[in-house]
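Have a look at my_file39.pdb below; it lists PDB, C-alpha atoms and all ligand atoms.
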```
ATOM      1  CA  MET A  71      16.989  55.761 -33.859  1.00  0.00           C
ATOM      2  CA  PRO A  72      13.303  56.816 -33.809  1.00  0.00           C
ATOM      3  CA  GLY A  73      12.216  60.370 -32.998  1.00  0.00           C
ATOM      4  CA  SER A  74       9.489  59.278 -30.577  1.00  0.00           C
ATOM      5  CA  PRO A  75       8.367  56.032 -28.890  1.00  0.00           C
ATOM      6  CA  ILE A  76       7.346  53.407 -31.405  1.00  0.00           C
ATOM      7  CA  GLN A  77       3.582  52.908 -31.773  1.00  0.00           C
ATOM      8  CA  ALA A  78       3.396  50.894 -34.985  1.00  0.00           C
ATOM      9  CA  VAL A  79       5.597  48.197 -36.522  1.00  0.00           C
ATOM     10  CA  PHE A  80       5.350  47.405 -40.234  1.00  0.00           C
ATOM     11  CA  PHE A  81       6.677  44.246 -41.855  1.00  0.00           C
ATOM     12  CA  ASP A  82       7.558  43.526 -45.457  1.00  0.00           C
ATOM     13  CA  LEU A  83       5.963  40.256 -46.621  1.00  0.00           C
ATOM     14  CA  ASP A  84       8.158  38.309 -49.087  1.00  0.00           C
ATOM     15  CA  GLY A  85      11.543  37.333 -47.670  1.00  0.00           C
ATOM     16  CA  THR A  86      10.629  38.855 -44.289  1.00  0.00           C
ATOM     17  CA  LEU A  87       7.543  36.969 -43.040  1.00  0.00           C
ATOM     18  CA  LEU A  88       7.297  34.453 -45.897  1.00  0.00           C
ATOM     19  CA  ASP A  89      10.108  32.291 -47.231  1.00  0.00           C
ATOM     20  CA  HIS A  90       9.632  33.614 -50.759  1.00  0.00           C
ATOM     21  CA  ASP A  91      12.924  32.183 -52.115  1.00  0.00           C
ATOM     22  CA  ALA A  92      12.047  28.604 -51.114  1.00  0.00           C
ATOM     23  CA  ALA A  93       8.542  28.923 -52.586  1.00  0.00           C
ATOM     24  CA  THR A  94       9.933  30.465 -55.792  1.00  0.00           C
ATOM     25  CA  ARG A  95      12.336  27.559 -56.156  1.00  0.00           C
ATOM     26  CA  ALA A  96       9.610  24.961 -55.529  1.00  0.00           C
ATOM     27  CA  GLY A  97       7.292  26.744 -57.958  1.00  0.00           C
ATOM     28  CA  ALA A  98       9.977  26.829 -60.652  1.00  0.00           C
ATOM     29  CA  LEU A  99      10.779  23.131 -60.180  1.00  0.00           C
ATOM     30  CA  GLY A 100       7.068  22.283 -60.463  1.00  0.00           C
ATOM     31  CA  MET A 101       6.764  24.208 -63.727  1.00  0.00           C
ATOM     32  CA  ILE A 102      10.035  22.797 -65.125  1.00  0.00           C
ATOM     33  CA  SER A 103       8.907  19.250 -64.353  1.00  0.00           C
ATOM     34  CA  ARG A 104       5.565  19.790 -66.137  1.00  0.00           C
ATOM     35  CA  TYR A 105       7.254  21.196 -69.266  1.00  0.00           C
ATOM     36  CA  ARG A 106      10.419  19.037 -69.171  1.00  0.00           C
ATOM     37  CA  ASP A 107      10.081  18.000 -72.838  1.00  0.00           C
ATOM     38  CA  ARG A 108      10.251  21.652 -73.926  1.00  0.00           C
ATOM     39  CA  LEU A 109      13.235  22.663 -71.787  1.00  0.00           C
ATOM     40  CA  THR A 110      16.785  21.474 -72.392  1.00  0.00           C
ATOM     41  CA  ASP A 111      18.867  22.908 -69.514  1.00  0.00           C
ATOM     42  CA  SER A 112      19.419  21.280 -66.118  1.00  0.00           C
ATOM     43  CA  ASP A 113      16.937  21.966 -63.304  1.00  0.00           C
ATOM     44  CA  GLU A 114      19.511  24.044 -61.435  1.00  0.00           C
ATOM     45  CA  ARG A 115      20.293  26.292 -64.400  1.00  0.00           C
ATOM     46  CA  LEU A 116      16.592  26.746 -65.155  1.00  0.00           C
ATOM     47  CA  VAL A 117      15.779  27.619 -61.539  1.00  0.00           C
ATOM     48  CA  ARG A 118      18.587  30.173 -61.508  1.00  0.00           C
ATOM     49  CA  ARG A 119      17.332  31.667 -64.775  1.00  0.00           C
ATOM     50  CA  TRP A 120      13.777  31.826 -63.367  1.00  0.00           C
ATOM     51  CA  GLU A 121      15.051  33.665 -60.286  1.00  0.00           C
ATOM     52  CA  GLU A 122      16.897  36.186 -62.482  1.00  0.00           C
ATOM     53  CA  LEU A 123      13.881  36.630 -64.768  1.00  0.00           C
ATOM     54  CA  THR A 124      11.628  37.107 -61.747  1.00  0.00           C
ATOM     55  CA  GLU A 125      13.867  39.864 -60.386  1.00  0.00           C
ATOM     56  CA  LEU A 126      14.162  41.540 -63.800  1.00  0.00           C
ATOM     57  CA  HIS A 127      10.501  41.512 -64.787  1.00  0.00           C
ATOM     58  CA  PHE A 128       9.090  42.220 -61.325  1.00  0.00           C
ATOM     59  CA  ASP A 129      11.304  45.327 -61.101  1.00  0.00           C
ATOM     60  CA  ARG A 130       9.959  46.418 -64.510  1.00  0.00           C
ATOM     61  CA  TYR A 131       6.444  46.019 -63.121  1.00  0.00           C
ATOM     62  CA  LEU A 132       7.290  48.065 -60.026  1.00  0.00           C
ATOM     63  CA  ARG A 133       8.678  50.819 -62.259  1.00  0.00           C
ATOM     64  CA  GLY A 134       5.387  50.880 -64.183  1.00  0.00           C
ATOM     65  CA  GLU A 135       6.946  49.509 -67.400  1.00  0.00           C
ATOM     66  CA  THR A 136       4.653  46.477 -67.604  1.00  0.00           C
ATOM     67  CA  THR A 137       1.526  45.121 -65.930  1.00  0.00           C
ATOM     68  CA  LEU A 138       1.354  42.438 -63.262  1.00  0.00           C
ATOM     69  CA  VAL A 139       0.188  39.924 -65.866  1.00  0.00           C
ATOM     70  CA  GLY A 140       2.715  41.240 -68.401  1.00  0.00           C
ATOM     71  CA  GLN A 141       5.670  40.579 -66.074  1.00  0.00           C
ATOM     72  CA  ARG A 142       4.415  37.014 -65.479  1.00  0.00           C
ATOM     73  CA  ARG A 143       4.261  36.335 -69.238  1.00  0.00           C
ATOM     74  CA  GLY A 144       7.690  37.906 -69.692  1.00  0.00           C
ATOM     75  CA  ARG A 145       9.197  35.566 -67.104  1.00  0.00           C
ATOM     76  CA  VAL A 146       7.628  32.467 -68.681  1.00  0.00           C
ATOM     77  CA  ARG A 147       8.715  33.448 -72.219  1.00  0.00           C
ATOM     78  CA  GLY A 148      12.214  34.189 -70.939  1.00  0.00           C
ATOM     79  CA  LEU A 149      12.470  30.754 -69.350  1.00  0.00           C
ATOM     80  CA  PHE A 150      11.320  28.989 -72.517  1.00  0.00           C
ATOM     81  CA  GLY A 151      13.354  31.313 -74.738  1.00  0.00           C
ATOM     82  CA  LEU A 152      10.270  32.058 -76.859  1.00  0.00           C
ATOM     83  CA  THR A 153       8.774  35.248 -78.304  1.00  0.00           C
ATOM     84  CA  PRO A 154       5.115  36.286 -77.809  1.00  0.00           C
ATOM     85  CA  GLY A 155       4.428  34.938 -81.324  1.00  0.00           C
ATOM     86  CA  GLU A 156       5.886  31.550 -80.381  1.00  0.00           C
ATOM     87  CA  LEU A 157       4.263  31.378 -76.943  1.00  0.00           C
ATOM     88  CA  PRO A 158       0.817  33.032 -76.983  1.00  0.00           C
ATOM     89  CA  ASP A 159      -0.631  34.703 -73.877  1.00  0.00           C
ATOM     90  CA  ALA A 160      -2.984  31.826 -73.022  1.00  0.00           C
ATOM     91  CA  GLU A 161      -0.138  29.276 -73.070  1.00  0.00           C
ATOM     92  CA  ALA A 162       2.148  31.539 -71.034  1.00  0.00           C
ATOM     93  CA  ASP A 163      -0.671  32.021 -68.511  1.00  0.00           C
ATOM     94  CA  ARG A 164      -1.176  28.244 -68.226  1.00  0.00           C
ATOM     95  CA  ALA A 165       2.509  27.689 -67.517  1.00  0.00           C
ATOM     96  CA  TYR A 166       2.508  30.527 -64.971  1.00  0.00           C
ATOM     97  CA  ALA A 167      -0.495  28.974 -63.211  1.00  0.00           C
ATOM     98  CA  VAL A 168       1.508  25.748 -62.774  1.00  0.00           C
ATOM     99  CA  TYR A 169       4.319  27.785 -61.199  1.00  0.00           C
ATOM    100  CA  SER A 170       1.902  29.750 -59.022  1.00  0.00           C
ATOM    101  CA  ASP A 171       0.127  26.635 -57.699  1.00  0.00           C
ATOM    102  CA  HIS A 172       3.435  25.065 -56.658  1.00  0.00           C
ATOM    103  CA  TYR A 173       4.595  28.383 -55.181  1.00  0.00           C
ATOM    104  CA  ASP A 174       1.468  28.703 -53.024  1.00  0.00           C
ATOM    105  CA  LEU A 175       1.628  25.077 -51.860  1.00  0.00           C
ATOM    106  CA  ASN A 176       5.215  25.571 -50.680  1.00  0.00           C
ATOM    107  CA  LEU A 177       4.827  28.932 -48.989  1.00  0.00           C
ATOM    108  CA  THR A 178       5.840  28.909 -45.330  1.00  0.00           C
ATOM    109  CA  LEU A 179       6.515  31.412 -42.576  1.00  0.00           C
ATOM    110  CA  PHE A 180      10.083  31.866 -41.395  1.00  0.00           C
ATOM    111  CA  THR A 181      10.566  30.195 -38.025  1.00  0.00           C
ATOM    112  CA  ASP A 182      11.175  33.512 -36.217  1.00  0.00           C
ATOM    113  CA  VAL A 183       7.832  35.101 -37.200  1.00  0.00           C
ATOM    114  CA  ILE A 184       5.224  33.822 -34.720  1.00  0.00           C
ATOM    115  CA  ASP A 185       7.332  34.381 -31.578  1.00  0.00           C
ATOM    116  CA  THR A 186       8.184  37.886 -32.794  1.00  0.00           C
ATOM    117  CA  LEU A 187       4.542  38.790 -33.435  1.00  0.00           C
ATOM    118  CA  GLU A 188       3.623  37.416 -29.997  1.00  0.00           C
ATOM    119  CA  ALA A 189       6.361  39.448 -28.326  1.00  0.00           C
ATOM    120  CA  LEU A 190       5.108  42.593 -30.063  1.00  0.00           C
ATOM    121  CA  ARG A 191       1.569  42.331 -28.683  1.00  0.00           C
ATOM    122  CA  GLY A 192       0.487  45.805 -27.606  1.00  0.00           C
ATOM    123  CA  PHE A 193       2.016  47.484 -30.643  1.00  0.00           C
ATOM    124  CA  ARG A 194      -0.031  48.160 -33.757  1.00  0.00           C
ATOM    125  CA  LEU A 195       1.271  45.794 -36.444  1.00  0.00           C
ATOM    126  CA  GLY A 196       1.012  46.196 -40.193  1.00  0.00           C
ATOM    127  CA  VAL A 197       2.322  44.925 -43.521  1.00  0.00           C
ATOM    128  CA  ILE A 198       3.750  47.001 -46.383  1.00  0.00           C
ATOM    129  CA  THR A 199       4.310  44.888 -49.486  1.00  0.00           C
ATOM    130  CA  ASN A 200       5.111  45.393 -53.167  1.00  0.00           C
ATOM    131  CA  GLY A 201       2.965  43.304 -55.498  1.00  0.00           C
ATOM    132  CA  GLY A 202      -0.524  42.501 -56.699  1.00  0.00           C
ATOM    133  CA  SER A 203      -3.326  43.036 -54.211  1.00  0.00           C
ATOM    134  CA  VAL A 204      -5.161  39.740 -54.676  1.00  0.00           C
ATOM    135  CA  HIS A 205      -2.106  37.495 -54.485  1.00  0.00           C
ATOM    136  CA  GLN A 206      -0.365  39.289 -51.598  1.00  0.00           C
ATOM    137  CA  ARG A 207      -3.536  39.238 -49.481  1.00  0.00           C
ATOM    138  CA  LYS A 208      -4.201  35.598 -50.393  1.00  0.00           C
ATOM    139  CA  LYS A 209      -0.675  34.649 -49.310  1.00  0.00           C
ATOM    140  CA  LEU A 210      -1.083  36.439 -45.990  1.00  0.00           C
ATOM    141  CA  ALA A 211      -4.402  34.703 -45.330  1.00  0.00           C
ATOM    142  CA  GLY A 212      -3.055  31.345 -46.502  1.00  0.00           C
ATOM    143  CA  ILE A 213      -0.312  31.242 -43.895  1.00  0.00           C
ATOM    144  CA  GLY A 214      -2.765  32.139 -41.137  1.00  0.00           C
ATOM    145  CA  VAL A 215      -1.407  35.453 -39.860  1.00  0.00           C
ATOM    146  CA  ALA A 216      -3.632  38.014 -41.641  1.00  0.00           C
ATOM    147  CA  ASP A 217      -5.707  38.762 -38.514  1.00  0.00           C
ATOM    148  CA  ARG A 218      -2.611  39.830 -36.586  1.00  0.00           C
ATOM    149  CA  PHE A 219      -2.229  42.966 -38.709  1.00  0.00           C
ATOM    150  CA  ALA A 220      -4.301  46.125 -38.268  1.00  0.00           C
ATOM    151  CA  ALA A 221      -3.260  47.443 -41.698  1.00  0.00           C
ATOM    152  CA  VAL A 222      -2.094  45.731 -44.880  1.00  0.00           C
ATOM    153  CA  VAL A 223      -0.797  48.124 -47.513  1.00  0.00           C
ATOM    154  CA  VAL A 224      -0.130  46.737 -51.016  1.00  0.00           C
ATOM    155  CA  SER A 225       1.665  48.763 -53.721  1.00  0.00           C
ATOM    156  CA  ASP A 226      -0.904  47.734 -56.299  1.00  0.00           C
ATOM    157  CA  GLU A 227      -3.621  49.466 -54.272  1.00  0.00           C
ATOM    158  CA  VAL A 228      -1.635  52.575 -53.327  1.00  0.00           C
ATOM    159  CA  GLY A 229      -0.303  53.159 -56.854  1.00  0.00           C
ATOM    160  CA  VAL A 230       3.348  53.469 -55.813  1.00  0.00           C
ATOM    161  CA  ALA A 231       5.803  50.836 -54.602  1.00  0.00           C
ATOM    162  CA  LYS A 232       8.573  50.800 -51.996  1.00  0.00           C
ATOM    163  CA  PRO A 233      10.962  52.671 -51.827  1.00  0.00           C
ATOM    164  CA  ASP A 234       8.610  55.495 -52.900  1.00  0.00           C
ATOM    165  CA  PRO A 235       7.840  57.542 -49.740  1.00  0.00           C
ATOM    166  CA  GLY A 236       4.164  57.642 -50.782  1.00  0.00           C
ATOM    167  CA  ILE A 237       3.529  54.040 -49.774  1.00  0.00           C
ATOM    168  CA  PHE A 238       5.114  54.541 -46.345  1.00  0.00           C
ATOM    169  CA  ALA A 239       3.049  57.715 -45.817  1.00  0.00           C
ATOM    170  CA  ALA A 240      -0.130  55.823 -46.759  1.00  0.00           C
ATOM    171  CA  ALA A 241       0.736  53.057 -44.300  1.00  0.00           C
ATOM    172  CA  CYS A 242       1.394  55.452 -41.398  1.00  0.00           C
ATOM    173  CA  GLN A 243      -1.853  57.240 -42.166  1.00  0.00           C
ATOM    174  CA  ALA A 244      -3.766  53.939 -42.239  1.00  0.00           C
ATOM    175  CA  MET A 245      -2.328  53.179 -38.817  1.00  0.00           C
ATOM    176  CA  GLY A 246      -3.044  56.663 -37.449  1.00  0.00           C
ATOM    177  CA  ALA A 247       0.560  57.176 -36.349  1.00  0.00           C
ATOM    178  CA  PRO A 248       3.167  59.739 -37.432  1.00  0.00           C
ATOM    179  CA  PRO A 249       6.135  58.317 -39.413  1.00  0.00           C
ATOM    180  CA  SER A 250       8.484  59.150 -36.519  1.00  0.00           C
ATOM    181  CA  ALA A 251       6.523  56.689 -34.328  1.00  0.00           C
ATOM    182  CA  CYS A 252       6.612  53.907 -36.941  1.00  0.00           C
ATOM    183  CA  LEU A 253       9.202  51.243 -37.730  1.00  0.00           C
ATOM    184  CA  HIS A 254       9.395  49.257 -40.950  1.00  0.00           C
ATOM    185  CA  VAL A 255      11.453  46.068 -41.260  1.00  0.00           C
ATOM    186  CA  GLY A 256      12.219  44.238 -44.500  1.00  0.00           C
ATOM    187  CA  ASP A 257      14.805  42.118 -46.294  1.00  0.00           C
ATOM    188  CA  ARG A 258      15.533  44.595 -49.111  1.00  0.00           C
ATOM    189  CA  LEU A 259      18.034  47.248 -48.065  1.00  0.00           C
ATOM    190  CA  GLU A 260      16.970  49.837 -50.679  1.00  0.00           C
ATOM    191  CA  ALA A 261      13.241  49.203 -50.933  1.00  0.00           C
ATOM    192  CA  ASP A 262      12.594  48.526 -47.255  1.00  0.00           C
ATOM    193  CA  ALA A 263      15.156  50.000 -44.885  1.00  0.00           C
ATOM    194  CA  ILE A 264      16.445  52.990 -46.864  1.00  0.00           C
ATOM    195  CA  GLY A 265      12.978  53.696 -48.278  1.00  0.00           C
ATOM    196  CA  ALA A 266      11.484  53.726 -44.774  1.00  0.00           C
ATOM    197  CA  ARG A 267      14.302  55.867 -43.378  1.00  0.00           C
ATOM    198  CA  ASP A 268      13.904  58.412 -46.184  1.00  0.00           C
ATOM    199  CA  ALA A 269      10.143  58.566 -45.515  1.00  0.00           C
ATOM    200  CA  GLY A 270      10.797  59.453 -41.852  1.00  0.00           C
ATOM    201  CA  LEU A 271      10.217  56.012 -40.302  1.00  0.00           C
ATOM    202  CA  TRP A 272      12.725  53.916 -38.424  1.00  0.00           C
ATOM    203  CA  GLY A 273      14.190  51.761 -41.201  1.00  0.00           C
ATOM    204  CA  VAL A 274      15.307  48.270 -40.168  1.00  0.00           C
ATOM    205  CA  TRP A 275      17.096  45.953 -42.581  1.00  0.00           C
ATOM    206  CA  LEU A 276      16.502  42.234 -42.013  1.00  0.00           C
ATOM    207  CA  ASP A 277      19.800  40.848 -43.289  1.00  0.00           C
ATOM    208  CA  ARG A 278      19.061  37.111 -43.135  1.00  0.00           C
ATOM    209  CA  HIS A 279      22.048  36.293 -45.378  1.00  0.00           C
ATOM    210  CA  ASP A 280      24.613  38.342 -43.458  1.00  0.00           C
ATOM    211  CA  ALA A 281      25.421  40.739 -46.295  1.00  0.00           C
ATOM    212  CA  GLY A 282      25.945  43.675 -43.844  1.00  0.00           C
ATOM    213  CA  PRO A 283      26.899  46.131 -42.495  1.00  0.00           C
ATOM    214  CA  GLY A 284      24.401  48.534 -44.148  1.00  0.00           C
ATOM    215  CA  PRO A 285      24.444  52.344 -44.386  1.00  0.00           C
ATOM    216  CA  ALA A 286      24.130  55.017 -41.704  1.00  0.00           C
ATOM    217  CA  GLY A 287      20.669  55.725 -40.372  1.00  0.00           C
ATOM    218  CA  VAL A 288      19.521  52.145 -40.910  1.00  0.00           C
ATOM    219  CA  THR A 289      19.440  49.443 -38.219  1.00  0.00           C
ATOM    220  CA  ARG A 290      20.552  45.974 -39.307  1.00  0.00           C
ATOM    221  CA  ILE A 291      19.260  42.769 -37.711  1.00  0.00           C
ATOM    222  CA  ALA A 292      19.982  39.155 -38.700  1.00  0.00           C
ATOM    223  CA  SER A 293      16.710  37.701 -37.383  1.00  0.00           C
ATOM    224  CA  LEU A 294      13.250  39.030 -36.537  1.00  0.00           C
ATOM    225  CA  SER A 295      13.887  37.721 -33.004  1.00  0.00           C
ATOM    226  CA  GLU A 296      16.013  40.834 -32.426  1.00  0.00           C
ATOM    227  CA  LEU A 297      13.083  43.128 -33.181  1.00  0.00           C
ATOM    228  CA  PRO A 298      11.019  43.151 -29.921  1.00  0.00           C
ATOM    229  CA  ALA A 299      13.964  44.261 -27.776  1.00  0.00           C
ATOM    230  CA  LEU A 300      14.866  46.897 -30.352  1.00  0.00           C
ATOM    231  CA  VAL A 301      11.324  48.312 -30.438  1.00  0.00           C
ATOM    232  CA  ARG A 302      11.040  48.423 -26.647  1.00  0.00           C
ATOM    233  CA  LYS A 303      14.440  50.077 -26.254  1.00  0.00           C
ATOM    234  CA  GLY A 304      13.433  52.599 -28.936  1.00  0.00           C
TER     235      GLY A 304
HETATM  236 MG    MG A 401      10.938  41.357 -49.298  1.00  0.00          MG
END
```

Represent the structure contained in this file as structure tokens.
Amino acid sequence: MPGSPIQAVFFDLDGTLLDHDAATRAGALGMISRYRDRLTDSDERLVRRWEELTELHFDRYLRGETTLVGQRRGRVRGLFGLTPGELPDAEADRAYAVYSDHYDLNLTLFTDVIDTLEALRGFRLGVITNGGSVHQRKKLAGIGVADRFAAVVVSDEVGVAKPDPGIFAAACQAMGAPPSACLHVGDRLEADAIGARDAGLWGVWLDRHDAGPGPAGVTRIASLSELPALVRKG
């Protein structure tokens, strides 16, 4: 599907390299346990609500409707069912820190990551991720793979988030390769695969949950293990 031989391979971070869902769940359970006396629902219902609130408020942040800190406070207040007057910023921040500590402690790489990165030696590798600069870079360093990537591009630093073509253009430029010689793989069909395709890269959708088949002009894989052969075949 690429226009020229692939020189650079970009990876999304959360849900692609890192098991973000498992860490989110562990983080939520840690926070729920700490504040059990203030929450009435079952763990399962609260975790589900946290996941929905995370999606909702993080998307608002990516659209520029709130700040990184603002979306965190919004998620916490949503979980507790409290207004800003009832749950002041400092208290919301304390609860979020409990979540964040548990999240970070439970963050792991998917099992297909290391072998894939090894098999792609010789290609320039990079990361394109939506989120806050400090936390995304800390996560990458924490799981011990940061030095494998020649470029790490975070939406917070670029000023636009995937699927905006601007972030893909910035990444290709950082890597010194034209978009037609770059591939981007990620678990979000719209933000990652379609966004990359529309920016002139080879867009690959990592469909770990078998939701396929995906639209035209996008390559679908079920595991990162399929990537090295794909890149070499071009
Ligand atoms: Mg992702």

When the PyMOL selection byres (((not hetatm)) within 6 of (chain A and resi 401)) is applied to the file above, which residues end up in the set, as a VMD selection string? chain A and resid 82 to 86 256 to 258

To verify the selection step, state as a list in words which residues the PyMOL selection byres (((chain A and resi 222-234) around 6) and not hetatm) yields on this input.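 With the PyMOL selection byres (((chain A and resi 222-234) around 6) and not hetatm) on this model, the match is Gly196, Val197, Ile198, Thr199, Asn200, Gly201, Gly202, Ser203, Ala221, Pro235, Gly236, Ala261 and Gly265 of chain A.
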
Close residues, region 119-131 of chain A itself excluded, 6 Å, only C-alpha atoms, min 6 positions apart in chain, as a PyMOL selection string: chain A and resi 137+141+145

With 8 Å added on each side, what axis-aligned box encloses every listed atom of region 248-263 of chain A? Give the centre and edge lengths in Å to one decimal, as AutoDock Vina command-line options.
```
--center_x 10.6 --center_y 50.9 --center_z -42.6 --size_x 30.9 --size_y 33.6 --size_z 32.6
```

Interatomic distance between CA of Leu276 (chain A) and CA of Thr289 (chain A)?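 A separation of 8.7 Å between them.
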
Mind telling me what the PyMOL selection byres (((chain A and resi 147-151) around 9) and not hetatm) catches here, as a PyMOL selection string? chain A and resi 108-109+116+119-120+123+142-146+152-154+156-157+162

Work out how far apart CA of Ile264 (chain A) and CA of Val288 (chain A) are and give it in Å to one decimal.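 Answer for the CA of Ile264 (chain A) to CA of Val288 (chain A) separation: 6.8 Å.
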